[in-house]
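S.K.: Encoded as structure tokens, here's the structure I'll be asking about.
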2 protein chains.
Amino acid sequence: MATLGDVAARAGVSISAVSRVLSDAPDSRVSAATRERIVDAARELNYRPNFAGRALKSARTQVVGLVVPDITNALFTELMHGAEDEATERGYTVLLGRSDDVRPGGEVIARLIGEGRVDGMALQVGDAVQPAGLRDLLTAQAPIVLVNSSIPGHVGSVTLDDHHGALIATQHLLELGHERIAFANGLPRSFTAKRRRTGYKLALAGARVRVPKEYETRIGYTVDNGRTALHRLMALDPKPTGVVVANVNAAVGLLGEARKAGIRVPEDLSVVTVHDSWTAENTWPPLTAVKMQFYTVGRTAVRSVIRRIETGETSDEVVTDPPPELVIRESTASPRSA
Amino acid sequence: MATLGDVAARAGVSISAVSRVLSDAPDSRVSAATRERIVDAARELNYRPNFAGRALKSARTQVVGLVVPDITNALFTELMHGAEDEATERGYTVLLGRSDDVRPGGEVIARLIGEGRVDGMALQVGDAVQPAGLRDLLTAQAPIVLVNSSIPGHVGSVTLDDHHGALIATQHLLELGHERIAFANGLPRSFTAKRRRTGYKLALAGARVRVPKEYETRIGYTVDNGRTALHRLMALDPKPTGVVVANVNAAVGLLGEARKAGIRVPEDLSVVTVHDSWTAENTWPPLTAVKMQFYTVGRTAVRSVIRRIETGETSDEVVTDPPPELVIRESTASPRSA
DNA sequence: ATGAAAGCGCTAACAA
DNA sequence: TTGTTAGCGCTTTCAT
């Protein structure tokens with residue numbers, strides 16, 4: 001790989017002149033002729049700035065880490081695209097990582113920052129594991145912005161409007177005439193689950209609808225959790241006629257299990273999920289869903305991290321624009337009694 | 001962040017002594033007492049080696065890039081885990097990227113290597129886009145190992161046993177008594193599609209079964225492609241009684257469309273897919289699938305990249321162990337005429 | 001307008 | 001056994 005020295009030699013100028021031109025410093029102080037010779041030489045040698053050299057000198061990598069519990073979860077697709085678009089526009093690169101990494105000595109997050117591989121990061125901690133060594137980093141004021149999650153005392157976060165999302169989903173069922181509306185939620189300790197819960201309750205309260213406490217399950221967000229939730233809910237008396245599922249993966253599981261149990265959707269049970277993804281379109285029946293704005297969350301999170309890196313400012317933001325959006329498909333209908 | 005100098009000062013020794021101890025050189029040539037002082041000091045200061053410093057000096061990053069067309073495709077989950085496990089065992093880190101990145105000036109792959117962000121990479125090129133600048137890199141002998149894909153003339157690859165996978169899927173339908181077996185394949189130019197095609201044909205030939213040429217569609221691997229394939233196939237006369245789908249996403253689409261068209265699976269049409277993933281378990285009916293060994297491919301690819309980096313050796317490998325594995329669910333049955 | 005030189009954190013060859 | 005030193009590629013201050 002060609003270095004600045006190589007380019008300088010070829011152009012017959014000094015290294016510093018080349019540096020000034022190629023790192024497009026605002027004031028490069030070189031004559032047009034020199035500049036042209038340098039640019040030509042760089043192109044001919046296919047020069048690219050060495051990452052390590054630049055990072056070492058400037059103590060900046062221009063890289064932000066994006067660490068989520070499960071990279072391959074369809075939900076994160078948009079988040080990543082948003083993050084990458086924002087980063088690219090601002091001259092940064094995104095480094096992807098998983099936060100569920102608990103392998104011995106792993107502590108991915110601590111390493112990313114501690115070894116100077118990234119300047120800062122957007123981090124979504126899972127509901128299960130609290131990554132090792134995180135506490136230290138947070139107290140050490142590392143430029144970390146939390147995404148859709150929280151750690152007591154940490155400042156700097158970007159979250160979805162979960163509350164509003166669950167509210168819209170619940171209102172959709174109410175408008176269809178349902179009153180026995182259940183809620184298949186995530187684990188009680190889950191940050192997002194708490195917020196979605198509020199939206200659900202508020203919607204019911206707003207319509208003066210009361211449901212038994214057992215109508216809310218708090219099992220989790222996985223496909224299997226959704227399956228379990230279905231059994232739990234359909235064993236109740238009276239059975240719910242509609243269910244809001246707090247996560248699309250759980251909704252897929254719940255739907256599959258309903259079919260297995262001979263429960264027809266939407267005739268016997270309406271299902272609406274918070275979160276949309278390509279999987280929701282391809283179930284049978286296709287799932288009515290509330291699309292959450294992950295793309296914007298990704299953009300906002302990266303913007304927030306960069307601001308933190310460059311100016312030191314922190315903020316806690318909730319993405320409300322654009323708002324969550326109801327996508328009506330075929331898994332919801334009016335209850336049969338109505 | 002603490003540097004070697006900080007640790008040295010605290011331990012009252014020279015920087016090089018610290019370096020020798022902490023980079024666990026086989027022959028660190030220090031007394032037990034000194035070593036202990038150094039280790040203690042490092043722990044107290046929470047020392048971590050600076051990535052850029054080390055990379056600049058050694059001209060090695062100990063990072064391998066893993067670049068695939070779609071990071072969030074469920075198919076790649078196992079591949080990534082395999083890659084990460086292998087990398088971790090060998091003291092490397094995996095850097096994830098997308099190969100479908102065609103944004104202006106993007107050329108992710110060229111940058112990753114050209115700027116020295118990675119020492120080498122495992123690359124799966126999509127069927128659609130040939131990433132920009134790739135040709136140059138390959139001819140420049142960059143340590144790149146292709147995964148499940150090919151570029152004319154390039155040496156160094158790790159591929160699945162696609163041929164065998166499609167063969168097993170087809171044989172499953174044959175054993176159930178099907179003879180009118182269709183094949184919903186990927187695009188003609190797709191590397192994997194060509195190989196799966198061979199397996200399908202060989203299985204038919206082995207059973208002395210002949211089918212019309214139109215029984216093979218070559219539309220693509222997406223959900224929508226699968227939907228299209230269903231219509232194409234069910235418009236034929238005679239209709240197939242079974243179909244091998246070359247990709248699980250396409251199979252999900254094909255299945256959904258069958259339901260919409262009132263075609264019952266498996267009564268009217270058996271569906272078996274090459275590839276297994278969590279989505280295949282959650283369709284209705286759950287999809288019979290041939291599980292391909294992506295985990296092993298990931299491991300093998302990273303091992304191959306590292307060997308290439310460290311010794312310069314190249315190889316073209318096909319992962320045959322463990323072999324593809326048939327997972328029978330509920331989307332296949334004997335044809336009704338049988 | 002251009003160049004010389006210092007130094008970021010680290011490793012390794014060499015000296016003591 | 002321990003320390004000194006050069007230099008990886010780059011940016012930036014300071015001379016010229």
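So you can find residues: chains in the structure tokens are A, B, ... in the order shown, residues in each start at 1, and ligands are numbered from 1 in order.
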Would you kindly return, as a ChimeraX atom specification, each protein, DNA or RNA residue with an atom no farther than 10 Å from any atom of DA12 in chain C, considering only C-alpha atoms (C1' of nucleotides) and excluding same-chain residues fewer than 3 positions away?

M.R.: /B:16,20,57 /D:6

S.K.: Please produce an output containing N, CA, C and O atoms (P, O5', C5', C4', C3', O3' and C1' of nucleotides) for each residue in the selection, written as an mmCIF file, in the first residue's frame.

M.R.:
```cif
data_model
loop_
_atom_site.group_PDB
_atom_site.id
_atom_site.type_symbol
_atom_site.label_atom_id
_atom_site.label_comp_id
_atom_site.auth_asym_id
_atom_site.auth_seq_id
_atom_site.Cartn_x
_atom_site.Cartn_y
_atom_site.Cartn_z
ATOM 1 N N SER B 16 9.738 -0.762 27.557
ATOM 2 C CA SER B 16 9.909 -2.021 26.822
ATOM 3 C C SER B 16 9.703 -3.227 27.728
ATOM 4 O O SER B 16 9.189 -4.259 27.287
ATOM 5 N N ARG B 20 7.045 -6.124 26.866
ATOM 6 C CA ARG B 20 7.382 -7.551 26.799
ATOM 7 C C ARG B 20 6.469 -8.388 27.688
ATOM 8 O O ARG B 20 5.999 -9.451 27.299
ATOM 9 N N LYS B 57 2.469 -0.252 14.308
ATOM 10 C CA LYS B 57 3.791 -0.845 14.471
ATOM 11 C C LYS B 57 3.910 -2.193 13.756
ATOM 12 O O LYS B 57 4.874 -2.463 13.053
ATOM 13 P P DA D 6 17.712 6.678 17.878
ATOM 14 O "O5'" DA D 6 17.184 5.950 16.559
ATOM 15 C "C5'" DA D 6 17.627 4.616 16.286
ATOM 16 C "C4'" DA D 6 16.568 3.883 15.486
ATOM 17 C "C3'" DA D 6 15.815 4.769 14.492
ATOM 18 O "O3'" DA D 6 15.640 4.010 13.312
ATOM 19 C "C1'" DA D 6 14.268 3.773 15.947
#
```

S.K.: Write out as a PyMOL selection string every residue belonging to chain B that has an atom at most 10 Å from any atom of chain C, counting only C-alpha atoms (C1' of nucleotides).

M.R.: chain B and resi 3-5+15-16+19-20+23+49-58

S.K.: Can you tell me which residues surround range 199-201 of chain B at a distance of at most 9 Å, considering only C-alpha atoms (C1' of nucleotides), apart from same-chain residues fewer than 6 positions away, and format the answer as JSON, numbers by chain?

M.R.: {"B": [162, 163, 164, 165, 166, 167, 168, 169, 170, 171, 183, 244]}

S.K.: Which of range 77-207 of chain B end up as helix (DSSP H, G or I) when DSSP is run on this backbone - answer as a ChimeraX atom specification?

M.R.: /B:77-89,108-114,134-139,162-175,191-206

S.K.: Write out as a ChimeraX atom specification every residue belonging to chain D that has an atom at most 10 Å from any atom of chain B, counting only C-alpha atoms (C1' of nucleotides).

M.R.: /D:1-4,7-9

S.K.: Just the selected residues (C-alpha atoms (C1' of nucleotides)), exported as a PDB file, in the first residue's frame, please.

M.R.:
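Result file follows (again14.pdb):
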```pdb
ATOM      1  C1'  DT D   1      17.589  -8.943  33.460  1.00  0.00           C
ATOM      2  C1'  DT D   2      16.597  -4.340  32.021  1.00  0.00           C
ATOM      3  C1'  DG D   3      16.703  -0.022  29.210  1.00  0.00           C
ATOM      4  C1'  DT D   4      17.456   2.894  25.000  1.00  0.00           C
ATOM      5  C1'  DG D   7      10.363   3.853  13.292  1.00  0.00           C
ATOM      6  C1'  DC D   8       5.459   2.256  11.623  1.00  0.00           C
ATOM      7  C1'  DG D   9       2.000   6.531   8.728  1.00  0.00           C
TER       8       DG D   9
END
```

S.K.: Give me, as a list in words, all polymer residues having an atom no more than 12 Å from Ala11 in chain A, counting only C-alpha atoms (C1' of nucleotides) and skipping those fewer than 4 positions away in the same chain.

M.R.: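 Selected residues are Leu4, Gly5, Asp6, Val7, Ile15, Ala17, Val18, Ala33, Thr34, Arg35, Glu36, Arg37, Ile38, Val39, Asp40, Ala41, Ala42, Arg43, Glu44 and Leu45 of chain A.
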
S.K.: Those residues you just picked out, can you put them in a file as a PDB file, in the first residue's frame with C-alpha atoms?

M.R.:
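Output contents, as saved in again_29.pdb:
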```pdb
ATOM      1  CA  LEU A   4       2.166   9.613   1.979  1.00  0.00           C
ATOM      2  CA  GLY A   5       5.901   9.315   1.476  1.00  0.00           C
ATOM      3  CA  ASP A   6       5.414   7.406  -1.749  1.00  0.00           C
ATOM      4  CA  VAL A   7       3.046  10.012  -3.073  1.00  0.00           C
ATOM      5  CA  ILE A  15       5.141  14.754   2.884  1.00  0.00           C
ATOM      6  CA  ALA A  17       2.321  19.162   1.455  1.00  0.00           C
ATOM      7  CA  VAL A  18       0.740  15.905   0.426  1.00  0.00           C
ATOM      8  CA  ALA A  33       0.074  23.277  -9.933  1.00  0.00           C
ATOM      9  CA  THR A  34       1.453  21.502  -6.883  1.00  0.00           C
ATOM     10  CA  ARG A  35      -1.962  20.391  -5.850  1.00  0.00           C
ATOM     11  CA  GLU A  36      -2.539  18.850  -9.224  1.00  0.00           C
ATOM     12  CA  ARG A  37       0.756  16.990  -9.191  1.00  0.00           C
ATOM     13  CA  ILE A  38      -0.103  15.588  -5.774  1.00  0.00           C
ATOM     14  CA  VAL A  39      -3.590  14.547  -6.694  1.00  0.00           C
ATOM     15  CA  ASP A  40      -2.333  12.854  -9.828  1.00  0.00           C
ATOM     16  CA  ALA A  41       0.393  11.000  -8.003  1.00  0.00           C
ATOM     17  CA  ALA A  42      -2.075   9.823  -5.370  1.00  0.00           C
ATOM     18  CA  ARG A  43      -4.430   8.531  -8.000  1.00  0.00           C
ATOM     19  CA  GLU A  44      -1.695   6.764  -9.903  1.00  0.00           C
ATOM     20  CA  LEU A  45      -0.504   5.029  -6.764  1.00  0.00           C
TER      21      LEU A  45
END
```

S.K.: Restricting the calculation to only C-alpha atoms, which member of B:Ala87, B:Ile144, B:Met292, B:Leu95 is positioned closest to chain A?

M.R.: B:Leu95

S.K.: Please measure the separation of CA of Leu230 in chain A and CA of Asn247 in chain A, giving the value in Å to one decimal.

M.R.: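 Going from CA of Leu230 in chain A over to CA of Asn247 in chain A, I get 13.5 Å.
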
S.K.: Distance CA of Leu66 in chain A-CA of Met121 in chain A, one decimal place?

M.R.: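 Between CA of Leu66 in chain A and CA of Met121 in chain A the gap works out to 5.8 Å.
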
S.K.: By how many Å are CA of Trp278 in chain A and CA of Val248 in chain B apart?

M.R.: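 We find that CA of Trp278 in chain A and CA of Val248 in chain B lie 13.7 Å from each other.
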
S.K.: Once DSSP has gone over the backbone, tell me which residues of range 57-266 of chain B are in strand (DSSP E or B), as number ranges by chain.

M.R.: B: 63-68, 93-98, 120-123, 144-147, 157-160, 181-185, 216-218, 242-245
